[in-house]
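**Q** The structure file final-v9.cif (mmCIF, C-alpha atoms) is provided below.
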data_coords
#
loop_
_atom_site.label_atom_id
_atom_site.label_comp_id
_atom_site.auth_asym_id
_atom_site.auth_seq_id
_atom_site.Cartn_x
_atom_site.Cartn_y
_atom_site.Cartn_z
CA MET A 427 -31.08 -4.14 77.02
CA SER A 428 -30.93 -1.47 74.37
CA GLY A 429 -31.91 -2.21 70.81
CA ASN A 430 -29.09 0.04 69.64
CA HIS A 431 -26.98 -2.65 68.02
CA PRO A 432 -25.74 -1.21 64.74
CA HIS A 433 -23.67 -4.29 63.98
CA GLY A 434 -26.25 -6.87 64.93
CA SER A 435 -25.46 -10.03 66.80
CA ALA A 436 -21.73 -9.36 67.21
CA LEU A 437 -22.47 -6.63 69.73
CA SER A 438 -25.13 -8.66 71.47
CA GLU A 439 -22.47 -11.23 72.06
CA THR A 440 -20.27 -8.49 73.54
CA ASP A 441 -23.18 -7.46 75.73
CA LEU A 442 -23.39 -10.93 77.20
CA ARG A 443 -19.66 -11.11 77.64
CA VAL A 444 -19.51 -7.81 79.50
CA ARG A 445 -22.40 -8.81 81.73
CA ALA A 446 -20.61 -12.05 82.62
CA LEU A 447 -17.42 -10.11 83.33
CA GLU A 448 -19.15 -7.57 85.54
CA THR A 449 -20.99 -10.27 87.49
CA LEU A 450 -17.76 -12.13 87.98
CA LEU A 451 -15.73 -9.13 89.16
CA VAL A 452 -18.48 -8.04 91.54
CA ASP A 453 -19.01 -11.52 92.94
CA LYS A 454 -15.29 -11.97 93.43
CA GLY A 455 -15.30 -8.76 95.43
CA TYR A 456 -12.82 -6.96 93.17
CA VAL A 457 -15.22 -4.16 92.28
CA ASP A 458 -18.04 -2.41 94.12
CA PRO A 459 -21.13 -2.18 91.88
CA ALA A 460 -22.02 1.18 93.41
CA ALA A 461 -18.59 2.46 92.43
CA LEU A 462 -19.26 1.44 88.81
CA ASP A 463 -22.45 3.51 88.80
CA ALA A 464 -20.65 6.44 90.42
CA LEU A 465 -17.91 6.31 87.78
CA ILE A 466 -20.43 6.30 84.93
CA GLU A 467 -22.39 9.13 86.53
CA THR A 468 -19.17 11.15 86.80
CA TYR A 469 -18.32 10.89 83.14
CA GLU A 470 -21.90 11.20 81.90
CA HIS A 471 -22.84 14.29 83.83
CA LYS A 472 -20.02 15.95 85.73
CA ILE A 473 -17.07 16.04 83.36
CA GLY A 474 -17.30 17.25 79.78
CA PRO A 475 -16.19 19.92 77.32
CA HIS A 476 -18.20 22.57 79.18
CA ASN A 477 -15.35 22.46 81.71
CA GLY A 478 -12.71 23.28 79.12
CA ALA A 479 -14.94 25.96 77.58
CA ARG A 480 -14.95 27.82 80.90
CA VAL A 481 -11.16 27.64 81.06
CA VAL A 482 -10.79 29.00 77.53
CA ALA A 483 -13.34 31.77 78.11
CA ARG A 484 -11.40 32.94 81.13
CA ALA A 485 -8.12 32.79 79.21
CA TRP A 486 -9.74 35.07 76.63
CA SER A 487 -10.95 37.63 79.12
CA ASP A 488 -8.45 37.58 81.98
CA ALA A 489 -4.84 38.30 81.03
CA ALA A 490 -3.48 37.25 84.42
CA PHE A 491 -5.28 33.91 84.20
CA ARG A 492 -4.02 33.43 80.66
CA GLU A 493 -0.48 33.86 81.92
CA ARG A 494 -1.04 31.36 84.73
CA LEU A 495 -2.49 28.94 82.19
CA ARG A 496 0.61 29.39 80.07
CA THR A 497 3.10 28.83 82.89
CA ASP A 498 1.30 26.11 84.89
CA ALA A 499 -1.83 24.86 83.18
CA THR A 500 -2.48 22.12 85.74
CA ALA A 501 -2.69 24.67 88.56
CA ALA A 502 -4.63 27.23 86.52
CA ILE A 503 -7.21 24.63 85.48
CA GLY A 504 -7.27 23.47 89.09
CA GLU A 505 -8.63 26.90 90.04
CA PHE A 506 -11.93 25.71 88.58
CA GLY A 507 -11.76 22.48 90.56
CA TYR A 508 -10.95 20.49 87.42
CA SER A 509 -8.19 18.01 88.14
CA GLY A 510 -7.23 14.40 88.27
CA ARG A 511 -7.47 11.39 86.07
CA GLN A 512 -6.04 11.98 82.58
CA GLY A 513 -5.38 15.63 83.43
CA GLU A 514 -2.64 15.25 86.00
CA HIS A 515 -0.11 17.17 83.89
CA MET A 516 -1.81 19.76 81.70
CA ILE A 517 -0.30 22.00 79.05
CA ALA A 518 -2.18 24.76 77.22
CA LEU A 519 -1.43 25.52 73.57
CA PHE A 520 -2.38 29.01 72.44
CA ASP A 521 -3.44 29.56 68.84
CA GLU A 522 -2.42 32.89 67.37
CA PRO A 523 -2.55 34.50 63.95
CA GLY A 524 -0.70 32.16 61.58
CA VAL A 525 -0.40 29.32 64.12
CA HIS A 526 -2.98 26.57 64.68
CA HIS A 527 -2.49 23.65 67.07
CA MET A 528 -3.86 20.12 66.80
CA VAL A 529 -3.69 17.40 69.44
CA VAL A 530 -3.70 13.66 68.80
CA CYS A 531 -2.64 10.43 70.48
CA THR A 532 -1.30 8.22 67.71
CA LEU A 533 -0.51 5.36 70.11
CA CYS A 534 -3.81 5.06 71.99
CA SER A 535 -6.44 7.62 72.96
CA CYS A 536 -4.85 9.95 75.52
CA TYR A 537 -7.17 12.90 76.05
CA PRO A 538 -7.58 15.56 78.75
CA TRP A 539 -10.59 14.10 80.55
CA PRO A 540 -11.04 16.71 83.32
CA VAL A 541 -11.54 19.51 80.79
CA LEU A 542 -13.02 17.66 77.78
CA GLY A 543 -14.66 14.54 79.21
CA LEU A 544 -14.46 11.27 77.31
CA PRO A 545 -13.13 11.46 73.76
CA PRO A 546 -15.45 11.19 70.76
CA SER A 547 -15.16 8.06 68.63
CA TRP A 548 -13.34 9.81 65.83
CA TYR A 549 -10.55 10.88 68.19
CA LYS A 550 -9.88 7.21 69.01
CA SER A 551 -10.28 6.03 65.42
CA ALA A 552 -7.56 4.93 63.02
CA PRO A 553 -8.37 7.63 60.41
CA TYR A 554 -7.67 10.45 62.89
CA ARG A 555 -4.77 8.86 64.75
CA SER A 556 -2.96 7.97 61.52
CA ARG A 557 -3.51 11.21 59.67
CA ALA A 558 -3.27 14.07 62.20
CA VAL A 559 0.52 13.92 62.35
CA ILE A 560 1.11 13.88 58.60
CA ASP A 561 -1.86 15.71 57.08
CA PRO A 562 -3.55 17.92 59.67
CA LYS A 563 -4.96 20.23 57.00
CA GLY A 564 -6.60 17.23 55.36
CA VAL A 565 -8.04 16.36 58.77
CA LEU A 566 -9.39 19.89 59.11
CA ALA A 567 -11.00 19.57 55.68
CA ASP A 568 -12.91 16.53 56.95
CA PHE A 569 -14.26 18.81 59.68
CA GLY A 570 -15.15 21.49 57.13
CA VAL A 571 -12.46 23.83 58.41
CA THR A 572 -10.12 25.81 56.19
CA LEU A 573 -7.34 27.83 57.79
CA PRO A 574 -6.30 31.21 56.43
CA GLU A 575 -3.66 31.08 53.71
CA GLY A 576 -0.21 30.61 55.20
CA CYS A 577 -1.43 29.49 58.62
CA GLU A 578 0.81 26.70 59.88
CA VAL A 579 -0.31 23.69 61.89
CA ARG A 580 1.68 22.53 64.89
CA VAL A 581 0.73 19.03 65.93
CA TYR A 582 1.16 17.56 69.43
CA ASP A 583 1.21 13.77 69.76
CA SER A 584 0.31 12.90 73.38
CA THR A 585 2.87 10.15 73.87
CA ALA A 586 3.42 10.65 77.62
CA GLU A 587 1.17 11.59 80.55
CA LEU A 588 1.11 15.25 79.53
CA ARG A 589 -2.33 16.30 78.32
CA TYR A 590 -2.89 19.18 75.94
CA LEU A 591 -5.68 21.74 75.76
CA VAL A 592 -5.84 24.03 72.74
CA VAL A 593 -6.88 27.62 73.47
CA PRO A 594 -8.35 28.78 70.16
CA MET A 595 -8.28 32.40 69.13
CA ARG A 596 -11.00 34.62 70.54
CA PRO A 597 -13.40 35.51 67.72
CA PRO A 598 -13.73 39.15 66.74
CA GLY A 599 -16.97 40.86 67.64
CA THR A 600 -16.99 39.56 71.23
CA GLU A 601 -15.69 42.64 72.98
CA GLY A 602 -17.28 43.09 76.37
CA TRP A 603 -18.78 39.59 76.44
CA SER A 604 -18.97 37.86 79.82
CA GLU A 605 -17.02 34.67 80.40
CA GLU A 606 -20.27 32.75 80.45
CA ARG A 607 -21.29 34.08 77.06
CA LEU A 608 -17.81 33.56 75.61
CA ALA A 609 -17.87 29.93 76.75
CA THR A 610 -20.80 29.27 74.39
CA LEU A 611 -18.41 29.86 71.49
CA VAL A 612 -15.85 27.28 72.64
CA THR A 613 -16.48 23.87 71.12
CA ARG A 614 -14.85 20.60 72.06
CA ASP A 615 -13.30 20.36 68.60
CA ALA A 616 -11.79 23.84 68.95
CA MET A 617 -10.03 22.65 72.12
CA ILE A 618 -8.62 19.62 70.28
CA GLY A 619 -7.67 21.67 67.25
CA THR A 620 -10.02 20.11 64.71
CA GLY A 621 -12.23 23.19 64.84
CA LEU A 622 -12.24 26.89 65.54
CA ALA A 623 -14.18 28.91 68.06
CA LEU A 624 -17.68 29.65 66.79
CA ASP A 625 -18.53 32.83 64.95
CA PRO A 626 -20.53 34.99 67.38
CA ALA A 627 -22.80 36.21 64.60
CA ALA A 628 -23.77 32.63 63.77
CA VAL A 629 -24.39 31.74 67.41
CA GLU A 630 -26.39 34.86 68.21
CA GLY A 631 -28.31 34.55 64.96
CA ALA A 632 -29.34 31.02 65.90
CA ARG A 633 -31.00 32.24 69.10
CA MET B 30 6.23 -2.84 70.10
CA ASN B 31 5.45 -2.32 66.45
CA GLY B 32 1.82 -3.30 66.91
CA GLY B 33 -1.49 -2.21 65.49
CA GLN B 34 -1.59 0.73 67.89
CA ASP B 35 1.30 2.67 66.31
CA LEU B 36 -0.75 4.47 63.67
CA GLY B 37 1.00 7.76 63.00
CA GLY B 38 1.47 8.27 59.26
CA MET B 39 -0.38 5.15 58.14
CA GLN B 40 -2.60 5.67 55.12
CA GLY B 41 -5.73 4.18 53.67
CA PHE B 42 -8.13 4.36 56.62
CA GLY B 43 -10.36 6.80 54.77
CA PRO B 44 -11.87 10.07 55.92
CA ILE B 45 -12.69 11.02 59.48
CA ARG B 46 -16.42 11.09 60.02
CA PRO B 47 -17.19 13.42 62.89
CA ASP B 48 -20.78 13.22 64.11
CA PRO B 49 -21.82 16.35 66.02
CA GLN B 50 -24.78 14.43 67.42
CA GLU B 51 -22.71 11.47 68.51
CA PRO B 52 -24.03 9.94 71.74
CA LEU B 53 -21.61 9.33 74.59
CA TRP B 54 -22.18 5.58 74.31
CA HIS B 55 -22.90 3.44 71.26
CA ASP B 56 -24.13 0.49 73.20
CA ASP B 57 -25.17 -0.34 76.74
CA TRP B 58 -22.06 -2.36 77.43
CA GLU B 59 -19.67 0.51 76.71
CA PRO B 60 -20.18 2.43 79.98
CA ARG B 61 -19.87 -0.86 81.86
CA VAL B 62 -16.49 -1.52 80.22
CA LEU B 63 -15.34 2.01 81.00
CA ALA B 64 -16.36 1.69 84.65
CA LEU B 65 -14.93 -1.82 85.04
CA THR B 66 -11.65 -0.66 83.50
CA LEU B 67 -11.41 2.30 85.87
CA ALA B 68 -12.49 0.30 88.93
CA MET B 69 -10.03 -2.52 88.22
CA GLY B 70 -7.30 0.03 87.53
CA ALA B 71 -8.00 1.52 90.96
CA THR B 72 -7.44 -1.84 92.67
CA GLY B 73 -3.73 -1.68 91.91
CA ALA B 74 -3.88 -5.04 90.10
CA TRP B 75 -2.05 -3.38 87.22
CA ASN B 76 -0.88 0.07 86.12
CA ILE B 77 -1.76 2.19 83.09
CA ASP B 78 1.28 1.14 81.06
CA GLN B 79 0.61 -2.55 81.68
CA SER B 80 -2.94 -1.83 80.58
CA ARG B 81 -1.81 -0.06 77.41
CA HIS B 82 0.57 -2.89 76.63
CA ALA B 83 -2.19 -5.48 77.01
CA ARG B 84 -4.30 -3.56 74.48
CA GLU B 85 -1.54 -3.02 71.92
CA SER B 86 -0.57 -6.71 72.17
CA LEU B 87 -3.76 -7.65 70.35
CA PRO B 88 -2.94 -8.93 66.85
CA PRO B 89 -2.92 -5.90 64.50
CA GLY B 90 -5.79 -7.26 62.43
CA GLN B 91 -7.97 -7.53 65.50
CA TYR B 92 -6.82 -4.19 66.94
CA LEU B 93 -7.60 -2.31 63.75
CA THR B 94 -11.07 -3.79 63.35
CA SER B 95 -12.21 -3.36 66.96
CA THR B 96 -13.96 -0.38 68.51
CA TYR B 97 -12.01 1.29 71.28
CA TYR B 98 -14.08 -0.01 74.17
CA ARG B 99 -13.88 -3.46 72.64
CA ILE B 100 -10.07 -3.12 72.74
CA TRP B 101 -10.35 -2.12 76.40
CA LEU B 102 -12.46 -5.20 77.09
CA GLU B 103 -9.97 -7.51 75.41
CA GLY B 104 -7.09 -5.88 77.29
CA MET B 105 -8.82 -6.15 80.66
CA GLU B 106 -9.67 -9.83 80.18
CA ARG B 107 -6.08 -10.51 79.21
CA LEU B 108 -4.75 -8.80 82.35
CA LEU B 109 -7.23 -10.60 84.59
CA LEU B 110 -6.22 -13.97 83.14
CA GLU B 111 -2.49 -13.26 83.27
CA ARG B 112 -2.70 -12.41 86.95
CA GLY B 113 -4.86 -15.39 87.81
CA LEU B 114 -7.64 -13.13 89.04
CA VAL B 115 -10.17 -15.02 86.92
CA THR B 116 -10.18 -18.20 84.86
CA ARG B 117 -11.33 -18.69 81.28
CA GLU B 118 -14.22 -20.78 82.50
CA GLU B 119 -15.31 -18.00 84.83
CA LEU B 120 -15.11 -15.42 82.05
CA ALA B 121 -17.29 -17.60 79.86
CA ASP B 122 -20.35 -17.55 82.11
CA GLY B 123 -19.59 -15.17 84.99
CA VAL B 124 -19.88 -17.89 87.63
CA VAL B 125 -17.23 -17.86 90.37
CA ARG B 126 -15.31 -21.12 90.58
CA ALA B 127 -11.94 -20.11 92.00
CA PRO B 128 -11.39 -18.06 95.15
CA ALA B 129 -10.66 -14.36 94.73
CA LEU B 130 -7.06 -13.24 95.05
CA PRO B 131 -6.15 -10.39 97.39
CA LEU B 132 -5.72 -6.99 95.71
CA PRO B 133 -4.09 -3.87 97.14
CA ARG B 134 -7.29 -1.79 97.13
CA ARG B 135 -10.99 -1.83 96.31
CA LEU B 136 -12.65 1.30 94.96
CA THR B 137 -15.80 2.22 96.88
CA ALA B 138 -18.53 4.51 95.57
CA GLU B 139 -17.76 7.04 98.29
CA ALA B 140 -14.12 7.21 97.17
CA VAL B 141 -14.90 7.78 93.47
CA PRO B 142 -14.96 11.61 93.54
CA ARG B 143 -11.71 11.74 95.48
CA VAL B 144 -9.93 9.11 93.36
CA VAL B 145 -11.05 10.71 90.07
CA ALA B 146 -10.01 14.19 91.27
CA ALA B 147 -6.64 12.95 92.48
CA GLY B 148 -5.76 10.95 89.37
CA THR B 149 -2.42 9.20 89.17
CA PRO B 150 0.36 11.74 88.71
CA ALA B 151 3.32 10.35 86.78
CA ASP B 152 5.96 12.83 87.93
CA ARG B 153 8.63 11.59 90.33
CA PRO B 154 11.82 12.87 91.99
CA GLU B 155 14.52 13.36 89.39
CA PRO B 156 17.08 10.56 89.18
CA GLY B 157 19.95 13.00 88.50
CA PRO B 158 20.74 15.94 86.26
CA ALA B 159 18.92 16.27 82.95
CA ARG B 160 20.98 15.38 79.91
CA PHE B 161 19.20 17.82 77.60
CA ALA B 162 17.99 21.42 77.78
CA PRO B 163 15.59 23.44 75.63
CA GLY B 164 17.18 24.20 72.29
CA ASP B 165 19.32 21.06 72.23
CA ARG B 166 19.35 19.13 68.99
CA VAL B 167 18.57 15.45 69.50
CA ARG B 168 17.91 12.37 67.47
CA ALA B 169 15.17 9.91 68.36
CA LYS B 170 16.76 6.51 68.68
CA THR B 171 16.31 3.86 66.08
CA MET B 172 14.84 1.06 68.13
CA HIS B 173 12.21 -1.64 67.82
CA PRO B 174 11.60 -3.08 71.29
CA SER B 175 9.22 -6.02 71.45
CA GLY B 176 7.83 -4.72 74.74
CA HIS B 177 5.98 -1.50 75.48
CA THR B 178 7.33 1.79 74.21
CA ARG B 179 5.86 5.25 73.72
CA LEU B 180 8.28 6.33 71.00
CA PRO B 181 6.22 6.18 67.81
CA ARG B 182 7.84 4.65 64.74
CA TYR B 183 7.44 7.78 62.65
CA VAL B 184 10.03 9.72 64.69
CA ARG B 185 12.60 6.98 65.21
CA GLY B 186 15.95 7.94 63.72
CA ARG B 187 14.75 11.50 63.07
CA PHE B 188 16.36 14.74 64.19
CA GLY B 189 14.49 17.19 66.38
CA THR B 190 14.87 19.92 68.97
CA VAL B 191 14.09 19.80 72.66
CA VAL B 192 11.53 22.51 73.40
CA ALA B 193 10.51 21.70 76.98
CA VAL B 194 11.80 19.77 79.98
CA HIS B 195 9.14 18.30 82.28
CA GLY B 196 11.08 16.76 85.14
CA ALA B 197 11.17 13.02 85.67
CA HIS B 198 8.18 10.85 84.87
CA VAL B 199 7.43 7.15 85.30
CA TYR B 200 9.16 5.32 82.45
CA PRO B 201 6.70 3.31 80.33
CA GLU B 202 9.21 0.68 79.17
CA THR B 203 9.84 -0.68 82.67
CA HIS B 204 6.48 0.33 84.15
CA ALA B 205 4.70 -1.86 81.59
CA THR B 206 6.64 -4.99 82.56
CA ARG B 207 5.23 -7.38 85.12
CA SER B 208 7.44 -5.87 87.85
CA GLY B 209 5.83 -2.46 87.26
CA ASP B 210 9.14 -0.73 88.00
CA PRO B 211 8.49 3.03 87.62
CA SER B 212 12.19 3.76 87.07
CA PRO B 213 11.63 7.53 86.51
CA ARG B 214 13.40 9.21 83.62
CA TRP B 215 13.60 12.81 82.44
CA LEU B 216 10.76 13.69 80.08
CA TYR B 217 11.07 16.18 77.23
CA THR B 218 8.92 17.61 74.50
CA VAL B 219 10.76 17.31 71.20
CA ARG B 220 9.79 19.26 68.10
CA PHE B 221 10.34 17.71 64.70
CA GLU B 222 10.05 19.67 61.49
CA ALA B 223 7.31 17.92 59.56
CA ARG B 224 9.55 17.67 56.48
CA GLU B 225 12.16 15.83 58.54
CA LEU B 226 9.50 13.19 59.20
CA TRP B 227 7.55 13.10 55.94
CA GLY B 228 9.50 14.90 53.23
CA GLU B 229 7.20 16.90 50.98
CA ASP B 230 4.17 14.77 51.74
CA THR B 231 2.79 16.69 54.68
CA THR B 232 0.57 19.63 55.53
CA ALA B 233 1.95 19.94 59.07
CA ALA B 234 4.63 22.48 59.96
CA VAL B 235 5.99 20.73 63.03
CA VAL B 236 5.07 17.67 65.09
CA HIS B 237 5.81 17.41 68.81
CA VAL B 238 6.35 14.19 70.68
CA ASP B 239 6.89 13.75 74.42
CA ALA B 240 9.98 11.59 74.82
CA TRP B 241 11.80 10.15 77.81
CA GLU B 242 15.56 10.63 77.99
CA PRO B 243 16.48 7.06 76.96
CA TYR B 244 14.60 7.66 73.68
CA LEU B 245 16.98 10.45 72.68
CA GLU B 246 20.56 10.75 71.53
CA PRO B 247 22.55 13.97 71.56
CA VAL B 248 23.49 15.54 68.24
CA VAL B 249 26.82 17.31 68.28
CA ALA B 250 26.86 20.62 66.44
CA GLU B 251 29.39 19.60 63.77
CA SER B 252 27.50 16.55 62.59
CA GLY B 253 24.06 17.93 63.30
CA ARG B 254 21.70 19.37 60.79
#
Could you render the structure from this file as C-alpha cells?
**A**
Amino acid sequence: MSGNHPHGSALSETDLRVRALETLLVDKGYVDPAALDALIETYEHKIGPHNGARVVARAWSDAAFRERLRTDATAAIGEFGYSGRQGEHMIALFDEPGVHHMVVCTLCSCYPWPVLGLPPSWYKSAPYRSRAVIDPKGVLADFGVTLPEGCEVRVYDSTAELRYLVVPMRPPGTEGWSEERLATLVTRDAMIGTGLALDPAAVEGAR
Amino acid sequence: MNGGQDLGGMQGFGPIRPDPQEPLWHDDWEPRVLALTLAMGATGAWNIDQSRHARESLPPGQYLTSTYYRIWLEGMERLLLERGLVTREELADGVVRAPALPLPRRLTAEAVPRVVAAGTPADRPEPGPARFAPGDRVRAKTMHPSGHTRLPRYVRGRFGTVVAVHGAHVYPETHATRSGDPSPRWLYTVRFEARELWGEDTTAAVVHVDAWEPYLEPVVAESGR
C-alpha cells in the first residue's frame, strides 16, 4: 500500500490489522464492501467545508436567510440539501464586533460533518481539546490570529448531539459581492472559530 | 468516566500545530477504519454512545498516545468482541472461524446516500415538563460515574445559567449501557462564566456546555451567586 508511514513499522502493523478486520467483517456478511467505498467517496468528495462556506456566504448576503439560520439552523442548512449524520441538530453562532465564538469537543471529536466534512487532526488532538475551553486566545495565537483589543471569546463545548457552526463576521470591502465570491473568503477554521474570514484584498491580490 | 477522553483544561500537551496542507488521510488504513466504523454503526450492533464509551474506556496512557482513527479501531474491535460478533483469533488473521451472528441491518452501497443524509436524530418526545427555563441559575452536579457521561469534569460543581432549552434528547448515561436504553431527558445549553471555572487563569469569557437535566441542580435565588 502507500509508503506514507511517518511512524514506520507501527503503522504498517495497523495496516495489516485493519485489512484483517475488513476481510473478516466482509466475509462474515456484516458489511458490504461497496458500501465502504461509497462511504469513503462521500466524505472525500461530496461533503466538506465548501458546504459550510456557502451557508455562511448566504447568511452574509441574505437577511431573511440569516434569520432562519438563527432560529432553526438545521432547517436553514437543509435548504442547501446539507443534512444528516453529525449535523442532525445544528446551531449557528454569529460573531459580531467584540464577540468571537470557538467550538470544541473536549470529550471526543464531535464536529458538524454535513457543513465542514471530516475534522482536521488538530481538532481531534489533545492540545486543542484541552486548551480551547481555558485559553482560547492562546489557541488563536497558535493559528496566528489576534483578536481586536477587548474582543471576548465565547466557547462552545459540543457535549451533546448539537453541532455548532460559527458564522464569522463579513469582511469589509465586500459590498456587492455575489454569494459565490463571498464563499471564497470563508475558511474551515473561520467556521470553527480558530480563524477569521479572509481579507478580500489578500484573496483578490493572490489571483 | 474520568478517562483519558475528558481533556478540558488539562495542560502540558504543547502547541496546536495546524497544517493548512493537511491531507484528509494520513495513511491508507484510516479511510477503511472510518468506513468500517460507519458501516458497523449502521448495522444497529451498537449505538453512538456505546461506541464513545468503548473508546474512552481505553487506558488513559493508550488513549492519549493514539491517533484518533487508531482509537476508533480499538473501540470497534472491543465492541465486536464484547458482542461475540468476532473472536480474537479471527481478528488476528481475518479468517472466519465462527458463524456470523444476526444483526438488525446491513448497510448497502445504494442506501449510503440516504442513510448519511438522514443521520440519527437524538431528539425524542419529552418525558414531562422541563425543570429549567432560560435564565435559570443551575449548578452542574458533582459526580464521578464509572460509566459513560457527557458532563465534563471541568464544570462539575460549578454554577452556570441556562441559556437554551432543546427539548428531550437520548440520554447518554443509559444509552451507553448494554441495554441501550434511550431514556430521553431534557437537554439544555448552560453558560458558565470562565472565571467560575478557571479563576484568573483563562482567556475565555464564557464556556457553554450542553447538559441533560439530570446533570443539573437548581440554585435558589437566596443561596445563589
**Q** Which residues, named as in the file, does the PyMOL selection byres ((chain B) within 6 of (chain A)) pick out? Answer as a PDB file with C-alpha atoms, in the frame of the given file.
**A**
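File produced: selection15.pdb:
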ATOM      1  CA  GLN B  34      -1.590   0.730  67.890  1.00  0.00           C
ATOM      2  CA  ASP B  35       1.300   2.670  66.310  1.00  0.00           C
ATOM      3  CA  LEU B  36      -0.750   4.470  63.670  1.00  0.00           C
ATOM      4  CA  GLY B  37       1.000   7.760  63.000  1.00  0.00           C
ATOM      5  CA  GLY B  38       1.470   8.270  59.260  1.00  0.00           C
ATOM      6  CA  MET B  39      -0.380   5.150  58.140  1.00  0.00           C
ATOM      7  CA  PHE B  42      -8.130   4.360  56.620  1.00  0.00           C
ATOM      8  CA  ILE B  45     -12.690  11.020  59.480  1.00  0.00           C
ATOM      9  CA  TRP B  58     -22.060  -2.360  77.430  1.00  0.00           C
ATOM     10  CA  ALA B  64     -16.360   1.690  84.650  1.00  0.00           C
ATOM     11  CA  LEU B 120     -15.110 -15.420  82.050  1.00  0.00           C
ATOM     12  CA  ASP B 122     -20.350 -17.550  82.110  1.00  0.00           C
ATOM     13  CA  GLY B 123     -19.590 -15.170  84.990  1.00  0.00           C
ATOM     14  CA  ALA B 129     -10.660 -14.360  94.730  1.00  0.00           C
ATOM     15  CA  THR B 137     -15.800   2.220  96.880  1.00  0.00           C
ATOM     16  CA  ALA B 138     -18.530   4.510  95.570  1.00  0.00           C
ATOM     17  CA  VAL B 145     -11.050  10.710  90.070  1.00  0.00           C
ATOM     18  CA  ALA B 146     -10.010  14.190  91.270  1.00  0.00           C
ATOM     19  CA  ALA B 147      -6.640  12.950  92.480  1.00  0.00           C
ATOM     20  CA  GLY B 148      -5.760  10.950  89.370  1.00  0.00           C
ATOM     21  CA  PRO B 150       0.360  11.740  88.710  1.00  0.00           C
ATOM     22  CA  ARG B 179       5.860   5.250  73.720  1.00  0.00           C
ATOM     23  CA  THR B 231       2.790  16.690  54.680  1.00  0.00           C
ATOM     24  CA  THR B 232       0.570  19.630  55.530  1.00  0.00           C
ATOM     25  CA  ALA B 233       1.950  19.940  59.070  1.00  0.00           C
ATOM     26  CA  ALA B 234       4.630  22.480  59.960  1.00  0.00           C
ATOM     27  CA  VAL B 235       5.990  20.730  63.030  1.00  0.00           C
ATOM     28  CA  VAL B 236       5.070  17.670  65.090  1.00  0.00           C
ATOM     29  CA  HIS B 237       5.810  17.410  68.810  1.00  0.00           C
ATOM     30  CA  VAL B 238       6.350  14.190  70.680  1.00  0.00           C
ATOM     31  CA  ASP B 239       6.890  13.750  74.420  1.00  0.00           C
TER      32      ASP B 239
END
**Q** So which one's closest to A:Val593, A:Ile473, A:Ala623, A:Met617, A:Ile503? Using only C-alpha atoms, please.
**A** A:Met617
**Q** Run the PyMOL selection byres ((chain B and resi 84-101) around 6) mentally over the shown coordinates, then write out the matched residues as a PyMOL selection string, using the chain letters and numbers from the document.
**A** chain B and resi 32-34+81-83+102-104
**Q** Please determine the residues with any atom at most 6 Å from (-16.2, 25.5, 76.0) (coordinates as given in the file, with only C-alpha atoms counting) and report them as an mmCIF file with C-alpha atoms, in the frame of the given file.
**A**
data_model
loop_
_atom_site.group_PDB
_atom_site.id
_atom_site.type_symbol
_atom_site.label_atom_id
_atom_site.label_comp_id
_atom_site.auth_asym_id
_atom_site.auth_seq_id
_atom_site.Cartn_x
_atom_site.Cartn_y
_atom_site.Cartn_z
ATOM 1 C CA PRO A 475 -16.190 19.920 77.320
ATOM 2 C CA HIS A 476 -18.200 22.570 79.180
ATOM 3 C CA GLY A 478 -12.710 23.280 79.120
ATOM 4 C CA ALA A 479 -14.940 25.960 77.580
ATOM 5 C CA ARG A 480 -14.950 27.820 80.900
ATOM 6 C CA ALA A 609 -17.870 29.930 76.750
ATOM 7 C CA VAL A 612 -15.850 27.280 72.640
ATOM 8 C CA THR A 613 -16.480 23.870 71.120
#
**Q** Just checking: using all atoms listed in the file, which residue out of A:Arg496, A:Arg589, A:Arg596, A:Arg484 ends up closest to A:Leu542?
**A**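 For A:Leu542, the nearest of the given residues is A:Arg589.
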**Q** Given the file shown, determine the residues that the PyMOL selection byres ((chain B and resi 247) around 7) selects; report them as an MDAnalysis selection string.
**A** chainID B and resid 166:168 245:246 248:249
**Q** Between atom CA of A:Leu624 and atom CA of A:Leu611, what is the spacing in Å?
**A**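 Between atom CA of A:Leu611 and atom CA of A:Leu624 the gap is 4.8 Å.
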**Q** Need the shell around stretch 198-201 of chain B: protein/DNA/RNA residues with any atom at most 7 Å away, counting all atoms listed in the file. Skip same-chain ones fewer than 3 positions apart. Format as an MDAnalysis selection string?
**A** chainID B and resid 78 151:153 177:179 204:205 211:216
**Q** Would you compute the distance between atom CA of B:Gly189 and atom CA of B:Phe161? Give it in Å to one decimal.
**A**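 Separation of atom CA of B:Gly189 and atom CA of B:Phe161: 12.2 Å.
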**Q** What gap, in Å, lies between atom CA of A:Gly599 and atom CA of A:Ala518?
**A**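 It comes out at 23.9 Å.
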**Q** Tell me which of A:Leu573, A:Leu591, A:Cys536, A:Ala616 sits closest to A:Ala499, counting only C-alpha atoms.
**A**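 Comparing A:Leu573, A:Leu591, A:Cys536, A:Ala616 against A:Ala499, the winner is A:Leu591.
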**Q** From the list A:Pro574, A:Glu522, A:Ala627, A:Val592, which residue is nearest A:Val541 when using all atoms listed in the file?
**A**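 Nearest candidate to A:Val541 out of A:Pro574, A:Glu522, A:Ala627, A:Val592: A:Val592.
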**Q** What's the 8 Å shell around B:Ala71, counting only C-alpha atoms, without same-chain residues fewer than 2 positions away, as a list in words?
**A**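 My list of contacting residues is Leu67, Ala68, Met69, Gly73, Ala74, Arg134, Arg135 and Leu136 of chain B.
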**Q** Ranking B:Pro154, B:Gly196, B:Pro243, B:Pro181 by minimum distance to B:Leu226 and counting all atoms listed in the file, which one comes first?
**A**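 Answer, going by the shortest atom-to-atom distance: B:Pro181.
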